[in-house]
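Text of target-v2.cif (mmCIF, C-alpha atoms and all ligand atoms) as supplied:
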```cif
data_upload
#
loop_
_atom_site.label_atom_id
_atom_site.label_comp_id
_atom_site.auth_asym_id
_atom_site.auth_seq_id
_atom_site.Cartn_x
_atom_site.Cartn_y
_atom_site.Cartn_z
CA MET Y 1 -81.09 49.03 14.60
CA PHE Y 2 -82.04 50.64 11.25
CA GLU Y 3 -84.18 47.60 10.34
CA HIS Y 4 -86.60 49.99 8.60
CA LEU Y 5 -83.93 51.13 6.09
CA LEU Y 6 -83.28 49.41 2.79
CA THR Y 7 -79.65 48.40 2.35
CA PRO Y 8 -76.98 48.98 1.34
CA ALA Y 9 -77.30 52.61 2.45
CA LEU Y 10 -74.89 55.36 3.42
CA LEU Y 11 -75.52 56.83 6.87
CA VAL Y 12 -74.22 60.29 7.72
CA ASP Y 13 -74.07 61.33 11.36
CA HIS Y 14 -75.06 64.98 11.32
CA GLY Y 15 -73.44 65.82 14.67
CA ARG Y 16 -70.08 64.38 13.68
CA LEU Y 17 -70.20 65.97 10.23
CA THR Y 18 -70.89 69.36 11.82
CA ARG Y 19 -68.00 68.87 14.24
CA ASN Y 20 -65.58 67.92 11.43
CA VAL Y 21 -66.60 70.92 9.33
CA GLU Y 22 -66.28 73.33 12.25
CA ARG Y 23 -63.04 71.88 13.56
CA MET Y 24 -61.21 72.19 10.22
CA GLN Y 25 -62.55 75.71 9.85
CA SER Y 26 -61.32 76.75 13.29
CA VAL Y 27 -57.88 75.23 12.67
CA CYS Y 28 -57.66 77.31 9.48
CA ASP Y 29 -59.05 80.44 11.14
CA ALA Y 30 -56.52 80.14 13.98
CA SER Y 31 -53.67 80.17 11.43
CA GLY Y 32 -55.19 82.82 9.17
CA VAL Y 33 -55.42 80.30 6.32
CA ALA Y 34 -58.35 80.23 3.89
CA LEU Y 35 -60.29 76.97 3.64
CA TRP Y 36 -61.36 75.93 0.12
CA PRO Y 37 -62.63 72.41 0.82
CA HIS Y 38 -62.56 69.93 -2.04
CA ILE Y 39 -66.17 68.82 -2.66
CA LYS Y 40 -65.22 65.60 -4.47
CA THR Y 41 -65.76 63.76 -1.16
CA HIS Y 42 -69.35 64.75 -0.39
CA LYS Y 43 -70.73 66.09 -3.71
CA MET Y 44 -73.76 67.38 -1.79
CA VAL Y 45 -75.32 70.84 -1.78
CA GLU Y 46 -76.20 70.50 1.93
CA VAL Y 47 -72.61 69.80 2.98
CA ALA Y 48 -71.27 72.60 0.78
CA ARG Y 49 -73.71 74.95 2.51
CA MET Y 50 -72.42 73.84 5.91
CA GLN Y 51 -68.82 74.46 4.84
CA LEU Y 52 -69.61 77.91 3.45
CA ALA Y 53 -71.68 78.85 6.52
CA ALA Y 54 -68.78 77.80 8.76
CA GLY Y 55 -66.47 80.19 6.90
CA ALA Y 56 -65.03 78.44 3.84
CA GLN Y 57 -63.92 81.13 1.39
CA GLY Y 58 -64.62 79.03 -1.69
CA LEU Y 59 -64.99 75.46 -2.91
CA THR Y 60 -62.52 73.33 -4.82
CA CYS Y 61 -63.89 71.06 -7.55
CA ALA Y 62 -62.11 68.83 -10.03
CA LYS Y 63 -64.63 69.12 -12.85
CA ILE Y 64 -66.98 71.79 -14.21
CA GLY Y 65 -69.95 69.43 -13.70
CA GLU Y 66 -69.28 69.22 -9.97
CA ALA Y 67 -69.27 73.00 -9.66
CA GLU Y 68 -72.46 73.30 -11.71
CA ALA Y 69 -74.23 70.77 -9.47
CA LEU Y 70 -73.23 72.63 -6.31
CA LEU Y 71 -74.23 76.13 -7.42
CA PRO Y 72 -77.47 75.88 -5.38
CA SER Y 73 -75.28 75.92 -2.25
CA GLY Y 74 -74.77 79.64 -2.89
CA VAL Y 75 -71.03 79.24 -3.55
CA ARG Y 76 -69.49 82.39 -5.03
CA ARG Y 77 -65.85 81.28 -5.53
CA VAL Y 78 -64.59 78.07 -7.09
CA PHE Y 79 -61.14 76.66 -7.83
CA LEU Y 80 -61.19 74.04 -10.60
CA ALA Y 81 -58.17 71.92 -9.65
CA HIS Y 82 -57.80 69.95 -12.86
CA SER Y 83 -56.12 70.34 -16.26
CA LEU Y 84 -58.65 71.97 -18.61
CA VAL Y 85 -57.69 71.48 -22.25
CA ASP Y 86 -60.85 70.90 -24.28
CA PRO Y 87 -62.37 73.88 -26.17
CA LEU Y 88 -65.68 71.96 -26.11
CA GLN Y 89 -65.83 72.98 -22.43
CA ALA Y 90 -65.65 76.71 -23.25
CA PRO Y 91 -69.42 77.46 -23.17
CA ARG Y 92 -69.87 75.65 -19.84
CA LEU Y 93 -66.83 77.38 -18.38
CA ARG Y 94 -68.19 80.74 -19.50
CA ALA Y 95 -71.59 80.02 -17.93
CA LEU Y 96 -69.96 78.86 -14.70
CA ALA Y 97 -67.77 81.95 -14.51
CA ASP Y 98 -70.83 84.12 -15.10
CA SER Y 99 -72.58 82.47 -12.12
CA LEU Y 100 -69.70 83.16 -9.72
CA ASP Y 101 -67.78 86.10 -8.28
CA GLU Y 102 -64.50 84.29 -8.87
CA LEU Y 103 -63.41 81.25 -10.86
CA ILE Y 104 -59.80 80.12 -10.52
CA VAL Y 105 -58.36 77.49 -12.85
CA ALA Y 106 -55.33 75.22 -12.64
CA CYS Y 107 -52.34 75.33 -14.95
CA THR Y 108 -50.36 72.14 -14.83
CA SER Y 109 -47.67 72.20 -17.56
CA GLU Y 110 -46.36 74.36 -20.41
CA ALA Y 111 -48.23 72.29 -23.00
CA GLN Y 112 -51.41 72.44 -20.94
CA ALA Y 113 -51.00 76.24 -20.59
CA GLU Y 114 -51.30 76.54 -24.37
CA ALA Y 115 -54.38 74.30 -24.47
CA LEU Y 116 -55.92 76.18 -21.52
CA GLU Y 117 -55.29 79.48 -23.32
CA ARG Y 118 -57.32 78.21 -26.29
CA VAL Y 119 -60.20 77.19 -23.99
CA LEU Y 120 -60.23 80.58 -22.24
CA ALA Y 121 -59.95 82.48 -25.50
CA ALA Y 122 -62.95 80.53 -26.86
CA ALA Y 123 -64.83 81.31 -23.66
CA GLU Y 124 -63.71 84.97 -23.81
CA LEU Y 125 -62.50 84.75 -20.23
CA ARG Y 126 -59.33 85.99 -18.55
CA LEU Y 127 -58.99 83.99 -15.33
CA PRO Y 128 -56.71 83.79 -12.32
CA VAL Y 129 -54.54 80.71 -12.40
CA LEU Y 130 -52.93 78.53 -9.75
CA MET Y 131 -49.89 76.76 -11.10
CA ALA Y 132 -49.34 73.12 -10.12
CA VAL Y 133 -46.06 72.04 -8.55
CA ASP Y 134 -45.35 68.34 -8.13
CA THR Y 135 -44.03 67.87 -4.60
CA GLY Y 136 -43.68 64.09 -4.75
CA LEU Y 137 -46.93 62.50 -5.96
CA GLY Y 138 -45.66 62.38 -9.54
CA ARG Y 139 -48.95 63.51 -11.06
CA GLU Y 140 -49.49 67.02 -12.49
CA GLY Y 141 -47.23 70.02 -12.01
CA ALA Y 142 -43.76 71.47 -12.45
CA ARG Y 143 -40.95 69.16 -11.39
CA GLY Y 144 -38.65 71.43 -9.35
CA PRO Y 145 -37.93 75.19 -9.28
CA ALA Y 146 -36.38 75.46 -12.77
CA SER Y 147 -39.39 73.81 -14.39
CA ALA Y 148 -41.68 75.99 -12.23
CA ALA Y 149 -39.94 79.11 -13.57
CA GLY Y 150 -40.44 77.83 -17.12
CA LEU Y 151 -44.10 77.17 -16.47
CA ALA Y 152 -44.60 80.61 -14.91
CA ALA Y 153 -43.01 82.19 -17.99
CA ALA Y 154 -45.29 80.14 -20.25
CA ILE Y 155 -48.32 81.33 -18.27
CA GLY Y 156 -47.05 84.91 -18.59
CA ARG Y 157 -47.09 84.57 -22.38
CA GLN Y 158 -50.79 83.64 -22.46
CA PRO Y 159 -53.09 86.67 -22.62
CA HIS Y 160 -56.03 84.94 -20.91
CA LEU Y 161 -54.08 83.55 -17.92
CA CYS Y 162 -53.15 85.56 -14.84
CA LEU Y 163 -50.81 83.82 -12.38
CA ARG Y 164 -52.10 84.04 -8.80
CA GLY Y 165 -50.22 81.36 -6.89
CA VAL Y 166 -48.86 77.83 -6.73
CA TYR Y 167 -50.66 74.69 -5.56
CA THR Y 168 -49.76 71.09 -4.95
CA HIS Y 169 -51.63 67.90 -4.18
CA GLU Y 170 -49.39 65.95 -1.81
CA GLY Y 171 -51.26 62.65 -2.18
CA HIS Y 172 -48.00 60.72 -1.67
CA THR Y 173 -48.11 61.64 2.03
CA TYR Y 174 -51.09 59.25 2.39
CA GLY Y 175 -49.23 56.34 3.83
CA GLY Y 176 -48.93 57.09 7.50
CA GLY Y 177 -45.27 56.11 7.62
CA GLU Y 178 -42.94 57.07 10.44
CA ASN Y 179 -41.55 59.94 8.37
CA ALA Y 180 -44.92 61.63 7.88
CA ASP Y 181 -43.83 64.91 9.52
CA GLU Y 182 -40.59 65.04 7.52
CA GLU Y 183 -42.51 64.35 4.30
CA LEU Y 184 -44.91 67.14 5.11
CA ARG Y 185 -42.09 69.62 5.70
CA ALA Y 186 -40.46 68.49 2.45
CA VAL Y 187 -43.70 69.21 0.56
CA HIS Y 188 -43.84 72.69 2.07
CA GLU Y 189 -40.16 73.34 1.26
CA ARG Y 190 -40.52 72.18 -2.34
CA LEU Y 191 -43.57 74.34 -2.87
CA VAL Y 192 -41.89 77.39 -1.31
CA ALA Y 193 -38.70 76.80 -3.37
CA ALA Y 194 -40.71 76.66 -6.60
CA ARG Y 195 -42.71 79.74 -5.65
CA ASP Y 196 -39.65 81.76 -4.58
CA ARG Y 197 -37.94 81.03 -7.88
CA ILE Y 198 -40.86 82.79 -9.61
CA ASP Y 199 -42.13 85.49 -7.26
CA PRO Y 200 -42.23 85.34 -3.43
CA SER Y 201 -45.48 87.29 -3.40
CA LEU Y 202 -47.41 84.44 -5.07
CA SER Y 203 -49.75 82.56 -2.74
CA LEU Y 204 -49.17 78.97 -1.57
CA TRP Y 205 -51.96 76.38 -1.83
CA PRO Y 206 -51.00 72.95 -0.40
CA GLY Y 207 -53.11 70.89 1.98
CA CYS Y 208 -55.27 67.75 1.80
CA SER Y 209 -57.03 66.01 4.70
CA VAL Y 210 -53.86 64.31 5.93
CA THR Y 211 -51.76 67.48 5.91
CA ALA Y 212 -54.12 70.48 6.06
CA ALA Y 213 -54.00 71.17 9.80
CA ARG Y 214 -50.21 70.80 10.02
CA MET Y 215 -49.67 72.72 6.75
CA ALA Y 216 -51.78 75.60 8.03
CA ALA Y 217 -49.53 75.80 11.09
CA LEU Y 218 -46.28 75.79 9.05
CA GLY Y 219 -46.79 79.38 7.98
CA GLY Y 220 -46.89 81.24 4.70
CA VAL Y 221 -49.81 79.14 3.45
CA ALA Y 222 -52.68 81.04 1.84
CA ALA Y 223 -55.26 78.25 1.49
CA VAL Y 224 -55.80 74.51 1.99
CA ARG Y 225 -58.18 72.14 0.15
CA PRO Y 226 -58.97 69.08 2.26
CA GLY Y 227 -61.82 66.86 1.10
CA ALA Y 228 -62.19 63.57 2.98
CA TYR Y 229 -62.01 65.22 6.45
CA VAL Y 230 -65.78 65.87 6.39
CA PHE Y 231 -66.59 62.17 6.78
CA GLY Y 232 -63.35 60.33 7.53
CA ASP Y 233 -62.56 56.72 6.60
CA LEU Y 234 -60.04 53.97 7.32
CA ASN Y 235 -57.33 55.94 5.48
CA LEU Y 236 -57.67 58.88 7.85
CA THR Y 237 -58.24 56.89 11.06
CA ILE Y 238 -56.13 53.74 10.85
CA THR Y 239 -53.57 54.41 8.13
CA ASN Y 240 -52.78 58.07 8.76
CA ARG Y 241 -54.12 58.53 12.30
CA VAL Y 242 -55.26 62.11 11.74
CA MET Y 243 -58.87 61.34 12.83
CA ASP Y 244 -60.42 59.46 15.74
CA TRP Y 245 -63.09 56.76 15.40
CA GLU Y 246 -65.53 59.01 17.23
CA ASP Y 247 -65.23 61.53 14.39
CA VAL Y 248 -66.05 59.20 11.50
CA ALA Y 249 -69.30 60.61 10.13
CA LEU Y 250 -70.16 58.21 7.29
CA THR Y 251 -70.80 54.47 7.49
CA VAL Y 252 -72.05 51.88 5.03
CA LEU Y 253 -75.15 50.13 6.38
CA ALA Y 254 -75.37 46.58 5.00
CA THR Y 255 -77.36 43.43 5.69
CA VAL Y 256 -75.87 40.01 6.37
CA VAL Y 257 -77.37 37.87 3.59
CA ASP Y 258 -75.65 34.52 4.10
CA ARG Y 259 -73.25 32.51 6.25
CA PRO Y 260 -71.91 30.04 3.70
CA ALA Y 261 -68.95 28.69 5.72
CA PRO Y 262 -67.34 29.05 9.16
CA GLY Y 263 -65.51 32.36 9.46
CA LEU Y 264 -67.36 33.88 6.52
CA ALA Y 265 -70.45 36.08 6.32
CA LEU Y 266 -71.73 37.64 3.11
CA VAL Y 267 -73.26 41.12 3.08
CA ASP Y 268 -75.30 42.87 0.39
CA ALA Y 269 -72.65 45.58 -0.17
CA GLY Y 270 -69.95 44.77 -2.70
CA SER Y 271 -67.73 46.81 -4.98
CA LYS Y 272 -70.77 48.70 -6.35
CA THR Y 273 -71.12 50.18 -2.86
CA PHE Y 274 -67.59 50.16 -1.40
CA SER Y 275 -65.70 50.78 -4.68
CA SER Y 276 -62.54 48.73 -5.14
CA ASP Y 277 -60.39 50.89 -2.85
CA ARG Y 278 -58.72 49.14 0.08
CA THR Y 279 -56.34 49.99 2.88
CA PRO Y 280 -52.71 48.88 2.47
CA ASP Y 281 -53.54 45.73 4.51
CA GLY Y 282 -56.37 44.81 2.13
CA THR Y 283 -59.40 45.96 4.15
CA THR Y 284 -62.40 47.31 2.24
CA GLY Y 285 -64.62 47.95 5.28
CA LEU Y 286 -64.34 47.57 9.04
CA LEU Y 287 -66.94 47.29 11.82
CA PRO Y 288 -65.62 49.70 14.47
CA GLY Y 289 -67.13 47.65 17.32
CA SER Y 290 -65.85 44.33 15.94
CA PRO Y 291 -62.41 44.81 14.40
CA GLY Y 292 -62.21 41.03 14.02
CA ALA Y 293 -64.79 41.15 11.22
CA ARG Y 294 -63.76 42.94 8.04
CA VAL Y 295 -64.78 43.09 4.42
CA THR Y 296 -61.70 41.67 2.77
CA ARG Y 297 -63.03 40.79 -0.67
CA CYS Y 298 -65.84 42.04 -2.91
CA SER Y 299 -67.68 41.07 -6.01
CA GLU Y 300 -70.13 43.56 -7.44
CA GLU Y 301 -73.00 42.97 -5.00
CA HIS Y 302 -71.40 40.81 -2.30
CA GLY Y 303 -68.93 41.67 0.42
CA TRP Y 304 -66.95 38.84 2.07
CA VAL Y 305 -66.83 39.49 5.84
CA THR Y 306 -64.01 37.41 7.27
CA GLY Y 307 -62.18 37.09 10.54
CA PRO Y 308 -62.85 35.57 13.97
CA GLU Y 309 -65.89 37.76 14.64
CA ALA Y 310 -67.64 36.95 11.34
CA ASP Y 311 -69.27 33.92 12.99
CA ALA Y 312 -71.12 36.18 15.39
CA LEU Y 313 -73.08 37.76 12.52
CA ALA Y 314 -76.60 36.50 11.87
CA ILE Y 315 -78.53 36.43 8.61
CA GLY Y 316 -80.72 39.53 8.37
CA GLU Y 317 -78.57 41.51 10.80
CA ARG Y 318 -77.74 45.13 9.92
CA VAL Y 319 -74.04 46.05 10.17
CA ARG Y 320 -72.27 49.41 9.78
CA PHE Y 321 -68.88 49.50 8.11
CA VAL Y 322 -66.35 52.30 7.90
CA PRO Y 323 -65.10 52.19 4.29
CA ALA Y 324 -61.42 52.24 3.33
CA HIS Y 325 -61.75 55.38 1.19
CA VAL Y 326 -64.94 57.41 1.50
CA CYS Y 327 -64.81 59.57 -1.66
CA PRO Y 328 -65.56 56.87 -4.28
CA VAL Y 329 -68.17 55.34 -1.94
CA VAL Y 330 -70.27 58.53 -1.94
CA ASN Y 331 -69.88 58.86 -5.70
CA LEU Y 332 -71.58 55.45 -6.07
CA ALA Y 333 -74.72 56.42 -4.12
CA ASP Y 334 -77.75 58.45 -5.19
CA GLU Y 335 -78.43 59.68 -1.67
CA VAL Y 336 -77.36 59.43 1.95
CA VAL Y 337 -79.49 58.96 5.05
CA VAL Y 338 -78.79 61.69 7.60
CA LEU Y 339 -78.85 60.69 11.27
CA ARG Y 340 -79.78 63.20 13.94
CA ASP Y 341 -79.31 61.95 17.49
CA GLY Y 342 -78.81 58.50 16.04
CA GLN Y 343 -82.16 58.45 14.22
CA ALA Y 344 -82.68 58.55 10.46
CA ALA Y 345 -84.04 62.07 9.98
CA GLU Y 346 -83.81 62.94 6.28
CA THR Y 347 -82.10 62.02 3.00
CA TRP Y 348 -79.72 64.20 1.03
CA ARG Y 349 -79.12 63.77 -2.67
CA VAL Y 350 -75.56 63.29 -3.90
CA ALA Y 351 -76.08 66.05 -6.44
CA ALA Y 352 -72.69 65.84 -8.12
CA ARG Y 353 -72.42 62.04 -8.20
CA GLY Y 354 -71.04 60.90 -11.52
CA LYS Y 355 -70.33 64.50 -12.59
CA VAL Y 356 -66.98 63.64 -14.09
CA GLN Y 357 -67.20 65.95 -17.11
C1 LIG D 1 -56.03 68.73 -6.33
C2 LIG D 1 -56.56 68.12 -5.06
N1 LIG D 1 -56.77 68.93 -4.01
C3 LIG D 1 -57.26 68.45 -2.84
C4 LIG D 1 -57.57 67.11 -2.69
C5 LIG D 1 -58.16 66.66 -1.38
O1 LIG D 1 -57.69 65.46 -0.90
P1 LIG D 1 -58.29 64.73 0.37
O2 LIG D 1 -59.63 64.21 0.06
O3 LIG D 1 -57.32 63.68 0.57
O4 LIG D 1 -58.34 65.72 1.47
C6 LIG D 1 -57.35 66.24 -3.78
C7 LIG D 1 -57.63 64.80 -3.68
O5 LIG D 1 -57.55 64.02 -4.58
C8 LIG D 1 -56.83 66.76 -4.99
O6 LIG D 1 -56.61 65.98 -6.06
#
```
Represent the structure of the file as structure tokens.
Amino acid sequence: MFEHLLTPALLVDHGRLTRNVERMQSVCDASGVALWPHIKTHKMVEVARMQLAAGAQGLTCAKIGEAEALLPSGVRRVFLAHSLVDPLQAPRLRALADSLDELIVACTSEAQAEALERVLAAAELRLPVLMAVDTGLGREGARGPASAAGLAAAIGRQPHLCLRGVYTHEGHTYGGGENADEELRAVHERLVAARDRIDPSLSLWPGCSVTAARMAALGGVAAVRPGAYVFGDLNLTITNRVMDWEDVALTVLATVVDRPAPGLALVDAGSKTFSSDRTPDGTTGLLPGSPGARVTRCSEEHGWVTGPEADALAIGERVRFVPAHVCPVVNLADEVVVLRDGQAAETWRVAARGKVQ
């Protein structure tokens, strides 16, 4: 199948994508929680449109360039969930804010609050701010309630910042361990404790693809920002078990290009397609129908398919892998091939690919 497509190519199953978008939206709607999906996963105007049409209240982006690229989706509200510090960005920030009804920015430390103030002053913008709280990942944000109170006070001293709520990215819960539910409750408790130390009326913004549905149900949450849920990958299916195989909407189509030794097939997709991300057990890509054949090693343009089922692969054969982590895979592609009823129907451009500024 798909012999008429050049490879490597990314295939997106439109039916599954639609189901994933709608399911996350209905989970959020049922709990009265706003969905602000993170677009870093798909970076496509078409997918952003689907999310907004389903009921997403806004989009989360890391960088200004991502938001700019997705403006044709019709988005009116954006949360930039990254630490802005560079006054060189002021004109772009101003233009972005002028194109939207609402632009929310992140404040991630006292020192960053001062740098952010300079950016906003240069842009002549007073913006709502979500303050970062570190709930265990060890990346940005206040470490504990006392530091959160200090950060809130620092934000209060800046004339161009207006504190709206607290957010966290609980990326440390991506491990699928036995204590996943306890970890999730601990994230919620830490975020609430930090918020309550400042002002209990501030809104709470946790929630990535692993936690969003359960976070929404915990109560008191204003908004969640899952990203990878739109497509799914090995992290969400095998490692964290929050998605079923039947819901994985993006696969890497590759061609078997050689069979150099028993138990080894080479495909034309390497790290320039799969990225270098792997699952904890070292898998880069898996064939859902043949779990005994996996991409376990990559050079730039070759993938090593190893395992007992690798010998069943023939030169020239097309194979469809589920990647370990879908977000960097999409960022490496110019476009995706969209499947409707299993047939290649159209291509969508990855409009925000490489928009890291
Ligand atoms: C700030 C922030 N919010 C939300 C997300 C969404 O995460 P995921 O794709 O795991 O759902 C990320 C992921 O890196 C993030 O950094």
Practice task
Please provide as a ChimeraX atom specification all residues within 12 Å of Glu22 in chain Y, with the sequence filter that same-chain residues fewer than 5 positions apart are discarded (counting only C-alpha atoms).
Solution key: /Y:15-17,27-29,35,47,50-56,229-230
Only C-alpha atoms, please: the residues just picked out, written as a compact mmCIF listing (two decimals), keeping the file's coordinate frame.
```txt
# COMPACT_ATOMS: atom_id res chain seq x y z
CA GLY Y 15 -73.44 65.82 14.67
CA ARG Y 16 -70.08 64.38 13.68
CA LEU Y 17 -70.20 65.97 10.23
CA VAL Y 27 -57.88 75.23 12.67
CA CYS Y 28 -57.66 77.31 9.48
CA ASP Y 29 -59.05 80.44 11.14
CA LEU Y 35 -60.29 76.97 3.64
CA VAL Y 47 -72.61 69.80 2.98
CA MET Y 50 -72.42 73.84 5.91
CA GLN Y 51 -68.82 74.46 4.84
CA LEU Y 52 -69.61 77.91 3.45
CA ALA Y 53 -71.68 78.85 6.52
CA ALA Y 54 -68.78 77.80 8.76
CA GLY Y 55 -66.47 80.19 6.90
CA ALA Y 56 -65.03 78.44 3.84
CA TYR Y 229 -62.01 65.22 6.45
CA VAL Y 230 -65.78 65.87 6.39
```
Using the file's own x, y and z axes, what box holds all listed atoms of range 116-129 of chain Y with 8 Å on each side, keeping edges along x, y and z, and what are its centre and edge lengths in Å to one decimal, as AutoDock Vina command-line options?
```
--center_x -59.7 --center_y 81.1 --center_z -19.6 --size_x 26.3 --size_y 25.8 --size_z 30.5
```
Practice task
Could you pull out the residues sitting within 10 Å of ligand LIG 1 (chain D), using only C-alpha atoms and all ligand atoms, and write them as a PyMOL selection string?
Solution key: chain Y and resi 36-42+60-62+79-82+106+132+139-140+167-171+173-174+205-212+224-232+235-236+325-327
Residue contacts of range 297-311 of chain Y (9 Å, all atoms listed in the file) excluding same-chain residues fewer than 6 positions away, as a PDB file with C-alpha atoms, keeping the file's coordinate frame:
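Result file follows (result.pdb):
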```
ATOM      1  CA  VAL Y 257     -77.370  37.870   3.590  1.00  0.00           C
ATOM      2  CA  ARG Y 259     -73.250  32.510   6.250  1.00  0.00           C
ATOM      3  CA  ALA Y 261     -68.950  28.690   5.720  1.00  0.00           C
ATOM      4  CA  PRO Y 262     -67.340  29.050   9.160  1.00  0.00           C
ATOM      5  CA  GLY Y 263     -65.510  32.360   9.460  1.00  0.00           C
ATOM      6  CA  LEU Y 264     -67.360  33.880   6.520  1.00  0.00           C
ATOM      7  CA  ALA Y 265     -70.450  36.080   6.320  1.00  0.00           C
ATOM      8  CA  LEU Y 266     -71.730  37.640   3.110  1.00  0.00           C
ATOM      9  CA  VAL Y 267     -73.260  41.120   3.080  1.00  0.00           C
ATOM     10  CA  ASP Y 268     -75.300  42.870   0.390  1.00  0.00           C
ATOM     11  CA  ALA Y 269     -72.650  45.580  -0.170  1.00  0.00           C
ATOM     12  CA  GLY Y 270     -69.950  44.770  -2.700  1.00  0.00           C
ATOM     13  CA  SER Y 271     -67.730  46.810  -4.980  1.00  0.00           C
ATOM     14  CA  LYS Y 272     -70.770  48.700  -6.350  1.00  0.00           C
ATOM     15  CA  THR Y 273     -71.120  50.180  -2.860  1.00  0.00           C
ATOM     16  CA  PHE Y 274     -67.590  50.160  -1.400  1.00  0.00           C
ATOM     17  CA  SER Y 275     -65.700  50.780  -4.680  1.00  0.00           C
ATOM     18  CA  SER Y 276     -62.540  48.730  -5.140  1.00  0.00           C
ATOM     19  CA  GLY Y 282     -56.370  44.810   2.130  1.00  0.00           C
ATOM     20  CA  THR Y 283     -59.400  45.960   4.150  1.00  0.00           C
ATOM     21  CA  THR Y 284     -62.400  47.310   2.240  1.00  0.00           C
ATOM     22  CA  GLY Y 285     -64.620  47.950   5.280  1.00  0.00           C
ATOM     23  CA  SER Y 290     -65.850  44.330  15.940  1.00  0.00           C
ATOM     24  CA  PRO Y 291     -62.410  44.810  14.400  1.00  0.00           C
TER      25      PRO Y 291
END
```
Exercise for the section: Figure out the distance between CA of Glu68 in chain Y and CA of Leu204 in chain Y, please, to one decimal in Å. Expected result: 26.0 Å
Problem - Atom pair CA of Gly65 in chain Y / CA of Leu96 in chain Y: separation (Å) - result: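 It comes out at 9.5 Å.
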Handout entry: Of the listed residues Y:Met215, Y:Val337, Y:Ala153, Y:Ala142, that which approaches Val33 in chain Y most closely, counting all atoms listed in the file
Key = Y:Met215
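Among the candidates Y:Val166, Y:Ile198, Y:Leu184, Y:Leu313, the residue lying nearest to Ala223 in chain Y is Y:Val166 (atoms considered: only C-alpha atoms).
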Practice task
Could you please give me, as a list in words, the residues of protein, DNA or RNA lying at most 8 Å from (-59.6, 70.7, -27.7) in the coordinate frame of the file, considering only C-alpha atoms?
Solution key: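 Neighbouring residues, ordered by chain and number, come to Val85, Asp86, Pro87, Leu88, Ala115, Arg118 and Val119 of chain Y.
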Save out the residues we just selected, C-alpha atoms, as an mmCIF file, in the coordinates of the input.
```cif
data_model
loop_
_atom_site.group_PDB
_atom_site.id
_atom_site.type_symbol
_atom_site.label_atom_id
_atom_site.label_comp_id
_atom_site.auth_asym_id
_atom_site.auth_seq_id
_atom_site.Cartn_x
_atom_site.Cartn_y
_atom_site.Cartn_z
ATOM 1 C CA VAL Y 85 -57.690 71.480 -22.250
ATOM 2 C CA ASP Y 86 -60.850 70.900 -24.280
ATOM 3 C CA PRO Y 87 -62.370 73.880 -26.170
ATOM 4 C CA LEU Y 88 -65.680 71.960 -26.110
ATOM 5 C CA ALA Y 115 -54.380 74.300 -24.470
ATOM 6 C CA ARG Y 118 -57.320 78.210 -26.290
ATOM 7 C CA VAL Y 119 -60.200 77.190 -23.990
#
```
Practice task
To one decimal in Å, tell me the separation between CA of Leu161 in chain Y and CA of Gly219 in chain Y.
Solution key: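 CA of Gly219 in chain Y lies 27.2 Å from CA of Leu161 in chain Y.
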Exercise for the section: Name the residues, using the chain letters and numbers of the file, that sit within 10 Å of (-67.0, 48.6, 10.6) when counting all atoms listed in the file, and give them as a PyMOL selection string. Expected result: chain Y and resi 234+251-253+284-295+319-324
Problem - Distance query range 345-353 of chain Y at most 7 Å, only C-alpha atoms, self and fewer than 3 positions along chain excluded, as a PyMOL selection string - result: chain Y and resi 43-45+66+69+331-340
Practice task
Would you mind telling me which residue in Y:Asp341, Y:Glu114, Y:Asp199, Y:Asp181 lies nearest to Ile155 in chain Y when using all atoms listed in the file?
Solution key: Y:Glu114
Problem - Exercise: range 162-165 of chain Y partners within 10 Å, all atoms listed in the file, chain neighbours under 3 positions left out, as a list of chain:residue names - result: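 Returned residues: Y:Ile104, Y:Val105, Y:Ala106, Y:Cys107, Y:Arg126, Y:Leu127, Y:Pro128, Y:Val129, Y:Leu130, Y:Met131, Y:Ala132, Y:Ala152, Y:Ala153, Y:Ile155, Y:Gly156, Y:Arg157, Y:Gln158, Y:Pro159, Y:Arg195, Y:Ile198, Y:Asp199, Y:Pro200, Y:Ser201, Y:Leu202, Y:Ser203, Y:Leu204, Y:Trp205, Y:Ala222.
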Exercise for the section: Write out as a ChimeraX atom specification the residues lying within 8 Å of Glu110 in chain Y, counting all atoms listed in the file and excluding same-chain residues fewer than 6 positions away. Expected result: /Y:150-151,154-155
